[in-house]
Each structure stands twice: as structure tokens, then as C-alpha cells.
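**Student:** Just dropping this structure here.
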Amino acid sequence: MMDELRELYQEVILDHGKNPRNLRHPADANREARGENPMCGDKFTVYLTVNDAGLVEDCAFEGRGCAISTASASMMTELVRGKTQDEARTLFHTFHDLCTKDEEHHHDHGPVDEDTMEKLMVLSGVRQFPVRVKCATLAWHAMNAAIAGEAKASSE
Amino acid sequence: MMDELRELYQEVILDHGKNPRNLRHPADANREARGENPMCGDKFTVYLTVNDAGLVEDCAFEGRGCAISTASASMMTELVRGKTQDEARTLFHTFHDLCTKDEEHHHDHGPVDEDTMEKLMVLSGVRQFPVRVKCATLAWHAMNAAIAGEAKASSE
Amino acid sequence: MNRLSPAIAAEAPPYDVERVRADFPVLSRVVHERKGKPGRPLVYLDSGASAQKPRQVIDAMVRFMEEDYANIHRGVHVLSQRATDAFEGVRDKVAAFLNAPSRDTIVFTGNATDAINLVAATYGRAFLEAGDEVVLSIMEHHANIVPWQLLQAEKGIVLKVVPVDDDGVLDMDAYAALLGPRTKLVAMTHCSNVLGTVTPARQIVRLARERGIPVLLDGSQAVVHGRVDVQDLDVDFYVFTAHKLYGPTGLGVLYAKYEHLKRMPPYRGGGDMIQSVSFSGTTFKEPPMRFEAGTPPIVEGIGLGAAIDYVEALGRDAIALHEHDLLNYATQQLSQIDGLRIIGTAPGKAAIISFTVEGVHPHDLGTVVDQYGVAVRVGQHCAEPLMDRFGIGSTARASFALYNTRAEVDALVDSVRAVKEFFGA
Amino acid sequence: MNRLSPAIAAEAPPYDVERVRADFPVLSRVVHERKGKPGRPLVYLDSGASAQKPRQVIDAMVRFMEEDYANIHRGVHVLSQRATDAFEGVRDKVAAFLNAPSRDTIVFTGNATDAINLVAATYGRAFLEAGDEVVLSIMEHHANIVPWQLLQAEKGIVLKVVPVDDDGVLDMDAYAALLGPRTKLVAMTHCSNVLGTVTPARQIVRLARERGIPVLLDGSQAVVHGRVDVQDLDVDFYVFTAHKLYGPTGLGVLYAKYEHLKRMPPYRGGGDMIQSVSFSGTTFKEPPMRFEAGTPPIVEGIGLGAAIDYVEALGRDAIALHEHDLLNYATQQLSQIDGLRIIGTAPGKAAIISFTVEGVHPHDLGTVVDQYGVAVRVGQHCAEPLMDRFGIGSTARASFALYNTRAEVDALVDSVRAVKEFFGA
Ligand SMILES: Cc1ncc(COP(=O)(O)O)c(C=O)c1O
Ligand SMILES: Cc1ncc(COP(=O)(O)O)c(C=O)c1O
């Protein structure tokens, strides 16, 4: 059984969970959205700094949750930074599919580079733990909401 | 099984059910109360003419229900007539016990003459058919309410 | 409910009612056994009040309680996950059963009554004002009258009542005439539990929608006797109750268009329906969860899922065909009894027969046929205004289900004849 | 809940937990079996969320559905009579269980949440006005918060919140101070589902009654862990839920003094709660029927009756003693784990232990111990304000029931140690 656990809690996740990157509120952030998981009480706020060209110059977050949600938020900030808004959206939808759907139901939401894909795969180990999917996708929903200009992630 | 039915629907009940006595509204009635059984929709109004000495000079009813409730109302009017209010109350409680309680739980509510008791016993064949007890006691509850000066039988 | 097309009828496999009966343990029961006397086989003709449960439903509930039971929605442990998946899976199943556009349009309630009260207490209280009119029919079950009367008492809305003709057919001209500028809701039965009348639901909805009026249909009887497609009907609210559909007690269903659910305030407050609670302000979840407070009828949900599987496996058209045969046969046989009057003779009616017998009160009839093992309902059937309409206090009602037989119809007819003899009527 | 007197303890027969466990089919379950791997025996420590069902309860429901099922209250046929007698018999049983003065003080609802909403929607809506105060505690379950918030939004009542100290003991001085001329109701938990704190119910009631204020107690957890006597408590409203008492889902109970019930307007409208219906005016039945609209959870009632029989047969004092032993043992064993903090250390608490582990989020803990077969609840436990009070987002909670063992406590402790190792905490 520990195999499944190791699959979920890979080293990189434990690391990001304990030492989250970009855990801050950037002064120049011009988009933000909250996400919360009523089941466990976890709450995150995701901040984006999007320039006029639609490039995500900075991505950060505040709040704290379980190892999965924290690691996912942390890794997300690194992945989204430097991407265009459209690319960020693509990442969200691709990741969402990875976490919630069998492979034959994955859609093509746009190109994702190999390195990024690998990281998304790591996070999507959560698929074997359906009840934890919300943890893994919590910050992502908030990020997606922030891009759409909403104050709150609509999905739970 | 027909034995039980014959026990419930004795000839006298079938007779009173078909040809109810005192089915009328006495002009000089000075007490009345309604009783209704929401299950079957049966509704009765019982009228009493009580004189200053507390004697029930007349007892009659209006409304129509099943054979059991009609026969019971009809026989009741005959039994109550000429009794004092207290005696009428005694009849009610005695009859109620007969219909709803095992013999060891019958209380002594006051004296009831043999002839009357016999008629009450006939009506109380309903004890074997618990769901019909409300039919048998419907008019009686109204009579008791009328004596107490209430407009409506409180029990159902 | 769609009428059965002859094409479907011709294709249907033969309906093996004896095999079906074997699925229902209670149907092999003998009643009124008494010291030395053999008793009578049960002839259960009261499915309109509540249907019996097949082994498949009972087993599903038992298996769930023995293997996978836990509270749902809030647990990370395996039982809670399995229970949640199973219960939420039933929401999908119910959505498919009604052809609802999405699982999020399905709200679980305590029974059909609770579902209608939900609409009255949330949609009604929030969006209806004094003088606004709700149109319903004279043949509504009390469940679709009293919630609106409570709202009437609270808010001063007005109830408009569509009559039926002597056959029990809804007066569609009167209906159309009652729809006016103040009409804010139509709340109508899809199938009368007394008359068996199936109302022209599509037409009811269409006439209302032309005027922008939402429609609630009480499908408590309708889902049992035929196929229902809420999208095809384009109905706003649709309600039914699990225990009449061969499922468990304690569970009802409300379908509502998501656009309505989205706007409706909460019904009951408590756990599971909230997003976040604090004394400075509480926020609620999205529908359908917003309307499901506290621990839901979990095991009952599993039972309803099994009940839907059961009727789908038998085939809803096959069931309808079988019931139709029973209805025709029973109508024909009962009609031959002198003094027997059938209340409710609308064309295309469902397999429900209310009747009176001259000279015998229904209550007495019920008691006597019960001694023959025949279970019919007698009384007002929670439809007192309809009784008044027909000038009667009560009726006897035989309602037929997927497990009844022509032999049971014969038993009913024989017992009614015995009643007449007994009372010399 | 009365404290256990040593006298009772000495007289109690030895409690054979293995025999008890044999009554619960799910407890012999193995979880997380995977291709070739043996899986782990289930260690169910989530009874606070919902208890497992003994064979006796399951059997009673099955037997009823197989032999006596019918709709109740309205039928003259034998099954309906038998079903009515059985269901109404449970009302007597519940009355006896709570030592209620009469069966007419027992109202069946959908769950505990529904029961509290009933009081808020009828008593609250009818008798509370803007500015009137309802006193509750910071450790209430959302079920005893949100209904009052809905009333607050509707009527402008004011909620006053009694704090707890760091052990989770209710601050009785603060409570007494909050009772004022505008206080119209106290709504308080009898036992916290998070902390295990048993509130001093008699004192709570006495202080309120001295000021003529009625009291509602949420006994959802309390009835499970001890004996409750509503007359001795002199409480006005008492609420619990069947599924936590080893009974079925879909059924709750409201006890209320008859003088209150008598004055309270109806809750939901529909069949069975009416005296007479017409479009010119409808009248309602007397309590408790007035508050039970539509077909009730009939089969669930039968199950609750069997559950009460079950706990009474085991002996409520014996059960309390057994749970007390588990609580002590678990408290002692868990306390030895570095970094483990128990939230809720009130004297005389019930067998519920909430805890956090430094460096590990409860949610991660829950997932890992689940892999060891240990089912605990993690999260806010529908008590968000209490989480805020203790400055935590969530906890893990182990709740002990009549079927748990010391060996299961050991399994919990081992799994928590494994968690710490896994996360290097
Ligand atoms: C203290 C307390 N009150 C109320 C409830 C609500 O019970 P239910 O969900 O059955 O309505 C619970 C359980 O969830 C509880 O623990
Ligand atoms: C047409 C109709 N509507 C509503 C109901 C109410 O169903 P329930 O009692 O399950 O709420 C019934 C059955 O009693 C019914 O026949």
C-alpha cells in the first residue's frame, strides 16, 4: 500500500509541500482570486501579475493547506510564470483532465511542453485518490478564476 | 374469516347503519359538536338538548359515514337520551375503554345498566379491527365534546 | 409520459409476471391466518399508496450497509469515498431516468411532499408576492395543495384551481383562461393518484411558457406508470417519491432547471450545504448541495438506484403495457358489477381505478375485501377537494403495479361481489 | 447524560466486545485489497460521523420490507395496519428512550438538521422577533448554527455565542451573563462532535428556565454516549439523528414539550398532517402529526426501533463504561506521540478525540492512516467557528463506539506514528 502513497507523495511534492515557493503577495499583482475547500477548510489566494501583452510576469499565492494542495499551488506558480494567459489556461485544463479523467477522455487543450507535462504528471498521482483531487486542483481553479477576472474560484 | 366480520357487523349494526335513528337536527338543541375522521372523510354533528336539571332530553345527529360510524351514532342517540350529562359521560368513557383497551385495563367510570352494556358490547366488536375504532367512537367523541361545551371533538 | 406506440408493443418481449413476482418477497405472503384457519394469499392492490420492494432493492441496501456504509462528502477514508461515489452515482442515475440535462439539477429530499415544500419555501417565498397567482388543479394531492396554502397564508398569493370534467379530464380551456398576467407558477399533477388521469403535460407547459410562466409537475404517480423526459416536457420543476417507484421510504426527488436552482435561496440550514460558516457571515454551496442540509438518506439513495435499475431492466414500456392490460381487464370486469361506479374515466389513464359501490360505504368495503386478502385503499386519498368535486366522501381505490396479475383482478372482483352480498346491497 | 456511578459500574456484566463486533457485518471487512496484496482490516473510528449498523437493525428493516410493508395511517388493510402499528410503536419506544412524558411529544424528521430547522422555521419564525436573542455556543455543529442564521437573515434576530476555554469547557459564567431580557431561546449542543465536551445540560436549562427562556439541546452525539432523560433535564426541545445511534439514515427525532408543539404552526404542508383540506380553508392535525407531512421514513422508523432495542439490550451504562475505557486508553496512548495535540480535554468528555500532529496537515494524515485501514474523520467536522476559536483549519478526529477495541486504538496509534515517519515530522 505504501507504493500508492509514494506515488501520491513523491519527493518533489513533499518538498514543495514543506517549502512552498512564491508564498507571498506581490505588490504589483493585478489579478487575484480565492479558492477554498469546505471539506478541509483549506483556503488559498492566488496572485497574478499580467502585463499588457497578456504575459504572466509573476504568479504567487498565500494561504496554507495540506501537502498536496500546497505543493500543487507552489509548483503551479513556477509553471505559470512566464506563460501567456492562454497558455496558463491550457495548463489548467490539461491538469484538470489529468486529475479527473481517464486517459481516453483527455482533451487537447493546446500544447504543453515536455518538462511541464512531467511536473503535471507528478501532481496528478492524486487521480488514484479521488477525494484528494480537490486539494490538487484548488489553487489551479483560483488561478484560472483570476485570469478570467473572477474573485472566487467557482468550482469546488 | 367471515366469523370476525359477522362479529363486527352484527345484524343490529347493519340495521342501524342502513336505517339510522334520530338522524335530524332538533330545533331545541342547545349543545352541538362536530367530529370528523380525516382518513375516510366521515363527518358527524351531534346535537343535544340538555335541560336545566342536566338531563339529556334529546340526542340526534346529522352527517353520514360508514356502517360502523353511522350505526354507532344511531345507537348512541338512543342510549344517551334520558340520561343525565354525567351518565352520558360515563357511557362515553366506558365505551371508549371497551373499544381501545384490554379488559384488565378497563376503568370503572360509573354504573352502566345491563341492557345498555349489552349494546355497547355489540358496538365494541370493532376492537378486533383497530383501524375501525375511530369509526365506532367518532360520534361519541362529538357527544362528549358537546357536553363539555366544545364545538369540535378534540380526539381523532 | 409518452403513449405507447404499437411498434414498441409489437417488439416487446413477453412479460413474465410470475418471474417478476418472485422478486417481491411480500407477494408470497398469506394474511389473516388464525388458529387453524389457512388465511388468504395477499392481493396487493395498493401500490398507488406505496409500492412493494423487490429483492434487488432490499439486497442493495443490505449490501451497502454491510460493506460500504459511512457518512458521505466529508471523509478521506475508503468507506466514505465508496459511499460518496455510490450515493452521488445515484444522482447521475436519477438524472438519466428523467433525462435531466445534468446531475446538478437533481436535488434529494425526504419525499415528494418535501420536494414541493422546498419549491414553495424557496422559489415561492423568494419570488412570489401578494396577489401573484399559482394555478393548480382540483385533482391535486394534498402535497401539491397545502404547501401553496401555507404560502398563501404567509404572503397573500392567490390559488387558481383548474376543474376536471365528469370523466376526470383536465379542462384545458379553463386552464388556458386562468393563465393571466399575475400567474407566477403552475403547479399541477402529472397523474392523478385518485382518477388515474394523465394530464397533457407538454401542452400544460407549452401554454404556460408562452406566457413566461414556470411549471411544476407532481410526477409521484406518473414516473411509476410511464416514461418521463423533463427536457422534452421542458418543465421547470419535476417531483417524485422513491417509495412509490419500488424504492425505499425517506427519499424524494426534485428536478429543477439549473437557472432556477441557481437563484433559489437555501431551504434548510446545516452541514453539507454550506461553503463557509462563521458568525459574521455564512456562504452556501452551489446547487444541488445548497438544498441538501445534513446527512442525506444515504442508504435510501442506494435503494432508489437499485429500484431505477430494476424498472429499467424490466423495461418501462413493457411495464406500461402490462399495467395497461390490467387496467383494461379490471375496468371491464368491475363495470359488470351492478351499482359499481368508476370515478375517473379519462382516456389514456394510468392503472388506477377508484370506485364506489351503491349502498356500501368504501370504508366498510375496505374492511370486508381485506378479509379476502385484497388490499385496496379507501378514503379520500389525500385529495379532499376532488372528493368534494365528485360529491362523494371517499372511494375505494385499486392501483396496479408491475407485479399484479389478471388473477388478482379476479380476486378483487370476487371480493367486491362478496361485499355486496354481505351488505345486501 | 448522567455520570456513571461506581455502583453501576460494579454491577455491570463483563462487556464482550468481540460478541458485539460479530453483530456488525462491516467490521469484518478488509480494505485496500489490491491485486495480490492482502489489504488491511477495517478500523472504523468514524462513528461520530455515522455509526455502523448491527445485523439486528438491518434484519428488522429487511423483515419489515419482506413481510409487513405498506404505507401507514391511511389504510384499512392488514399490511397497512401492521405497518402503522409497527411505526407508531417506535414513537412509544423513542419516548421511553428519552423518558419523554408522552408519545405525542415525539416528532419524526429527516435528520437532526431537519429537526432543528423545524424548530427554527415554526417556533422561531412564529415567536421570535427582530432584536430577540438566541444563545448558542462556539462549539455548535453547523446544524445548530445555520438554521438560526437563516432566521437571523429573515427576521433580524441576534445570535449570542458562549465561548469555551482552552480545554473546550463551556464558559458558564459567560453563558449566565448572556442570558438577558431579549433572550428568547437557548440552542446548545449537549455534546460537542469535535471536542467530546459534554455540556452541563441541567444547569444550562435551569439558568434559562429561571428567566423563562426555553432551551433546545442538540443531542446528536449525546444520546449515543450516555443516558438522556428529557424530563429530568426539563428541556424544551431535544434533537437527535438515527444514523449515529446505529440506526438508519433518513430519520431524525425532535422531542418537544407538548405545550410548545401545541402552539407551533405547521412546518411542511401535505398529506397526513391535515385534518381537512379545501380551497376555502384547511385545518391541521394535532401534534405530532401536524409536523409530519407526507409519507414518513417508515422503514427507517422500524430500523430506529431495532437500534434502540439493541443499545438497551447491551445496556447504556455498560456501553458508556466501555467507551470510557477506550477514551482513557486512547488519550493516554496518543499523548505519548511527540507533536500530537489533543483538542478538547474537558473533564467527563465523551469518547471523541480530535487532534493535530505538528508538521502534518490533518488531510494528509487522514489519507495515510486510511492506507493502514484506519478510518478517522479529518476536516472541520461541520464546526468551522470552533476551528477558528482554536486557531486551526482542521483536525483529525477519532470517535469511539460500542464496537471499538483497545487493539483498534493501538492500530490508530501505530498508524499515526507511521504518518509522522512518512512525512518526517
Ligand atoms: C452535534 C451534531 N449535531 C447535529 C448533527 C447533524 O446530524 P445530521 O447530519 O444527521 O442531521 C451532527 C452530525 O453530523 C452532530 O454531530
Ligand atoms: C400524486 C401524488 N403526489 C404526492 C404524493 C406524496 O408523496 P409522499 O407522501 O411520498 O411525499 C403522492 C402520494 O402520496 C401522490 O400520489
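FYI, nothing fancy with the C-alpha cells labels: chains A, B, ... in order, residues from 1 per chain, ligands from 1 as they appear.
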Taking 2 positions as the minimum chain separation for residues in the same chain, which residues sit within 9 Å of range 85-101 of chain B when counting only C-alpha atoms? Answer as a ChimeraX atom specification.

**Tutor:** /B:50,54-56,79-81,83,103-112,116-117,120-121,123-128,130,133,136-137,140-141,143-144,147

**Student:** Write the residues of the selection above to a file with C-alpha atoms, as a CSV table (one decimal), in the first residue's frame.

**Tutor:**
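Writing done, so here's part_15.csv:
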```csv
chain,number,residue,atom,x,y,z
B,50,VAL,CA,-80.0,19.3,27.9
B,54,GLY,CA,-78.7,18.4,33.4
B,55,LEU,CA,-80.8,15.7,31.8
B,56,VAL,CA,-80.3,14.9,28.1
B,79,LEU,CA,-78.7,5.2,24.7
B,80,VAL,CA,-77.9,8.8,25.7
B,81,ARG,CA,-81.4,10.1,25.6
B,83,LYS,CA,-79.6,10.0,30.8
B,103,GLU,CA,-60.3,-5.9,29.7
B,104,GLU,CA,-57.7,-5.7,32.5
B,105,HIS,CA,-57.2,-2.1,31.7
B,106,HIS,CA,-60.9,-1.1,31.8
B,107,HIS,CA,-61.7,1.5,34.4
B,108,ASP,CA,-64.8,1.9,36.4
B,109,HIS,CA,-66.3,5.1,35.1
B,110,GLY,CA,-69.6,4.7,36.9
B,111,PRO,CA,-72.6,2.4,36.7
B,112,VAL,CA,-74.0,1.3,33.3
B,116,THR,CA,-77.0,-0.6,27.7
B,117,MET,CA,-73.9,-2.6,28.4
B,120,LEU,CA,-72.1,-1.2,24.0
B,121,MET,CA,-70.6,-4.7,23.8
B,123,LEU,CA,-70.6,-2.0,19.1
B,124,SER,CA,-67.2,-2.8,20.6
B,125,GLY,CA,-66.7,-5.8,18.2
B,126,VAL,CA,-64.7,-3.2,16.4
B,127,ARG,CA,-61.9,-3.9,18.9
B,128,GLN,CA,-60.7,-6.7,16.6
B,130,PRO,CA,-58.2,-1.5,15.4
B,133,VAL,CA,-62.1,2.1,16.2
B,136,ALA,CA,-67.1,3.5,16.1
B,137,THR,CA,-66.1,6.3,18.5
B,140,TRP,CA,-69.2,9.5,20.8
B,141,HIS,CA,-66.3,11.9,20.9
B,143,MET,CA,-71.2,13.9,22.0
B,144,ASN,CA,-68.7,14.1,24.8
B,147,ILE,CA,-71.4,18.0,26.8
```

**Student:** Can you check which residues of chain D have any atom within 10 Å of chain A? Use only C-alpha atoms and format it as a PyMOL selection string.

**Tutor:** chain D and resi 32-34+37-40+359-365+367-368+371-372+378-382+384+387+392-395+422-424

**Student:** Can you tell me which residues sit at most 6 Å away from ligand 2, counting only C-alpha atoms and all ligand atoms, written as a list in words?

**Tutor:**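 Protein and nucleic-acid residues within 6 Å of ligand 2: Ala49, Asn111, Ala112, Thr113, His141, Ala143, Ser192, Asn193, Asp218, Ser220, Gln221 and Thr241 of chain C; Gly294 and Thr295 of chain D.
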
**Student:** What does the file look like for those residues with C-alpha atoms, as a compact mmCIF listing (two decimals), in the first residue's frame?

**Tutor:**
```txt
# COMPACT_ATOMS: atom_id res chain seq x y z
CA ALA C 49 -50.06 4.47 -1.82
CA ASN C 111 -40.27 12.62 -0.04
CA ALA C 112 -42.34 14.22 -2.79
CA THR C 113 -44.11 16.37 -0.22
CA HIS C 141 -52.81 15.52 -3.93
CA ALA C 143 -48.93 17.51 -1.10
CA SER C 192 -53.87 11.85 -10.52
CA ASN C 193 -53.48 9.37 -7.69
CA ASP C 218 -46.02 16.42 -9.47
CA SER C 220 -45.28 11.00 -7.95
CA GLN C 221 -47.64 8.71 -9.81
CA THR C 241 -41.01 10.00 -4.41
CA GLY D 294 -46.31 13.09 3.55
CA THR D 295 -45.12 9.54 3.75
```

**Student:** List as a ChimeraX atom specification the protein and nucleic acid residues lying within 10 Å of ligand 1, with only C-alpha atoms and all ligand atoms counted.

**Tutor:** /C:71,269-272,293-297 /D:47-50,109-117,139-145,188-194,196,217-222,239-244,249-253,381-383

**Student:** What are the DSSP alpha helix (DSSP H) residues of range 63-114 of chain B, as a PyMOL selection string?

**Tutor:** chain B and resi 67-80+85-100+114

**Student:** If I take CA of Asp325 in chain C and CA of Val228 in chain C, how far is one from the other in Å, to one decimal?

**Tutor:**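 Rounded to one decimal, the two atoms are 20.3 Å apart.
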
**Student:** Taking only C-alpha atoms into account, which of D:His77, D:Arg406, D:His260, D:Arg209 comes nearest chain C?

**Tutor:** D:His77

**Student:** As a list in words, please: every residue in range 178-259 of chain C that DSSP puts in strand (DSSP E or B).

**Tutor:** Thr183, Lys184, Leu185, Val186, Ala187, Met188, Thr189, Cys191, Val198, Val215, Leu216, Leu217, Asp218, Phe237, Tyr238, Val239, Phe240, Thr241, Gly252, Val253, Leu254, Tyr255 and Ala256 of chain C

**Student:** Which neighbours of range 174-187 of chain C fall inside 8 Å, counting only C-alpha atoms, when residues of the same chain fewer than 5 positions from it are skipped, and could you give them as a list in words?

**Tutor:** Leu128, Gly131, Asp132, Glu133, Val134, Val135, Leu136, Ser137, Asn144, Lys160, Val162, Pro163, Leu207, Ala208, Arg211, Ile213, Pro214, Val215, Leu216, Leu217 and Asp218 of chain C

**Student:** Quick one: pull the distance between CA of Ala148 in chain B and CA of Gly35 in chain B, Å, one decimal.

**Tutor:**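 Straight-line distance from CA of Ala148 in chain B to CA of Gly35 in chain B works out to 13.8 Å.
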
**Student:** Please provide the set of residues having any atom within 6 Å of Tyr255 in chain D, restricted to only C-alpha atoms, with same-chain residues fewer than 5 positions apart removed, written as a PyMOL selection string.

**Tutor:** chain D and resi 105-106+237-238

**Student:** Neighbours of range 332-339 of chain C within 7 Å (only C-alpha atoms; same-chain residues fewer than 3 positions away dropped), as a list of chain:residue names?

**Tutor:**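 Within the cut-off, the hits are C:Asn328, C:Tyr329, C:Val357, C:Glu358, C:Val413.
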
**Student:** Just the residues within 10 Å of Asp309 in chain C, please, counting only C-alpha atoms, with nothing from its chain fewer than 3 positions along; format it as a VMD selection string.

**Tutor:** chain C and resid 56 to 57 93 97 303 to 306 312 to 315

**Student:** Would you save the residues from that selection as a CSV table (one decimal), in the first residue's frame, using C-alpha atoms?

**Tutor:**
```
chain,number,residue,atom,x,y,z
C,56,GLN,CA,-32.9,-6.3,-5.7
C,57,VAL,CA,-33.7,-3.1,-3.8
C,93,LYS,CA,-28.9,7.6,-12.4
C,97,PHE,CA,-34.0,8.3,-15.5
C,303,GLY,CA,-32.1,1.7,-2.8
C,304,LEU,CA,-33.5,4.2,-5.2
C,305,GLY,CA,-30.6,3.5,-7.6
C,306,ALA,CA,-31.4,-0.2,-7.4
C,312,GLU,CA,-35.2,-0.1,-16.5
C,313,ALA,CA,-34.2,-3.7,-16.7
C,314,LEU,CA,-37.8,-4.8,-17.0
C,315,GLY,CA,-38.4,-2.1,-19.5
```

**Student:** Within 10 Å of Met75 in chain B, counting only C-alpha atoms, which residues qualify if same-chain residues fewer than 2 places away don't, as JSON, numbers by chain?

**Tutor:** {"B": [12, 13, 16, 17, 20, 21, 22, 69, 70, 71, 72, 73, 77, 78, 79, 80, 116, 119, 120, 123]}

**Student:** Atoms to include: C-alpha atoms. Write the selected residues as a PDB file, in the first residue's frame.

**Tutor:**
```pdb
ATOM      1  CA  VAL B  12     -78.280  -4.697  14.761  1.00  0.00           C
ATOM      2  CA  ILE B  13     -75.334  -2.725  13.396  1.00  0.00           C
ATOM      3  CA  HIS B  16     -78.781   0.925  12.413  1.00  0.00           C
ATOM      4  CA  GLY B  17     -76.221   1.552   9.660  1.00  0.00           C
ATOM      5  CA  PRO B  20     -80.115   5.350  11.382  1.00  0.00           C
ATOM      6  CA  ARG B  21     -82.398   6.606  14.172  1.00  0.00           C
ATOM      7  CA  ASN B  22     -82.532  10.248  15.222  1.00  0.00           C
ATOM      8  CA  SER B  69     -69.838   5.003  12.452  1.00  0.00           C
ATOM      9  CA  THR B  70     -73.443   5.523  11.414  1.00  0.00           C
ATOM     10  CA  ALA B  71     -74.720   2.617  13.479  1.00  0.00           C
ATOM     11  CA  SER B  72     -72.674   3.737  16.430  1.00  0.00           C
ATOM     12  CA  ALA B  73     -74.035   7.273  16.194  1.00  0.00           C
ATOM     13  CA  THR B  77     -78.542   8.691  20.380  1.00  0.00           C
ATOM     14  CA  GLU B  78     -80.902   6.077  21.769  1.00  0.00           C
ATOM     15  CA  LEU B  79     -78.657   5.220  24.679  1.00  0.00           C
ATOM     16  CA  VAL B  80     -77.902   8.764  25.742  1.00  0.00           C
ATOM     17  CA  THR B 116     -77.020  -0.577  27.740  1.00  0.00           C
ATOM     18  CA  LYS B 119     -75.464  -2.718  23.269  1.00  0.00           C
ATOM     19  CA  LEU B 120     -72.056  -1.221  23.955  1.00  0.00           C
ATOM     20  CA  LEU B 123     -70.553  -1.988  19.089  1.00  0.00           C
TER      21      LEU B 123
END
```

**Student:** Rounded to one decimal in Å, what is the spacing between CA of Gly124 in chain D and CA of Gln149 in chain D?

**Tutor:**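 Between CA of Gly124 in chain D and CA of Gln149 in chain D the gap works out to 11.3 Å.
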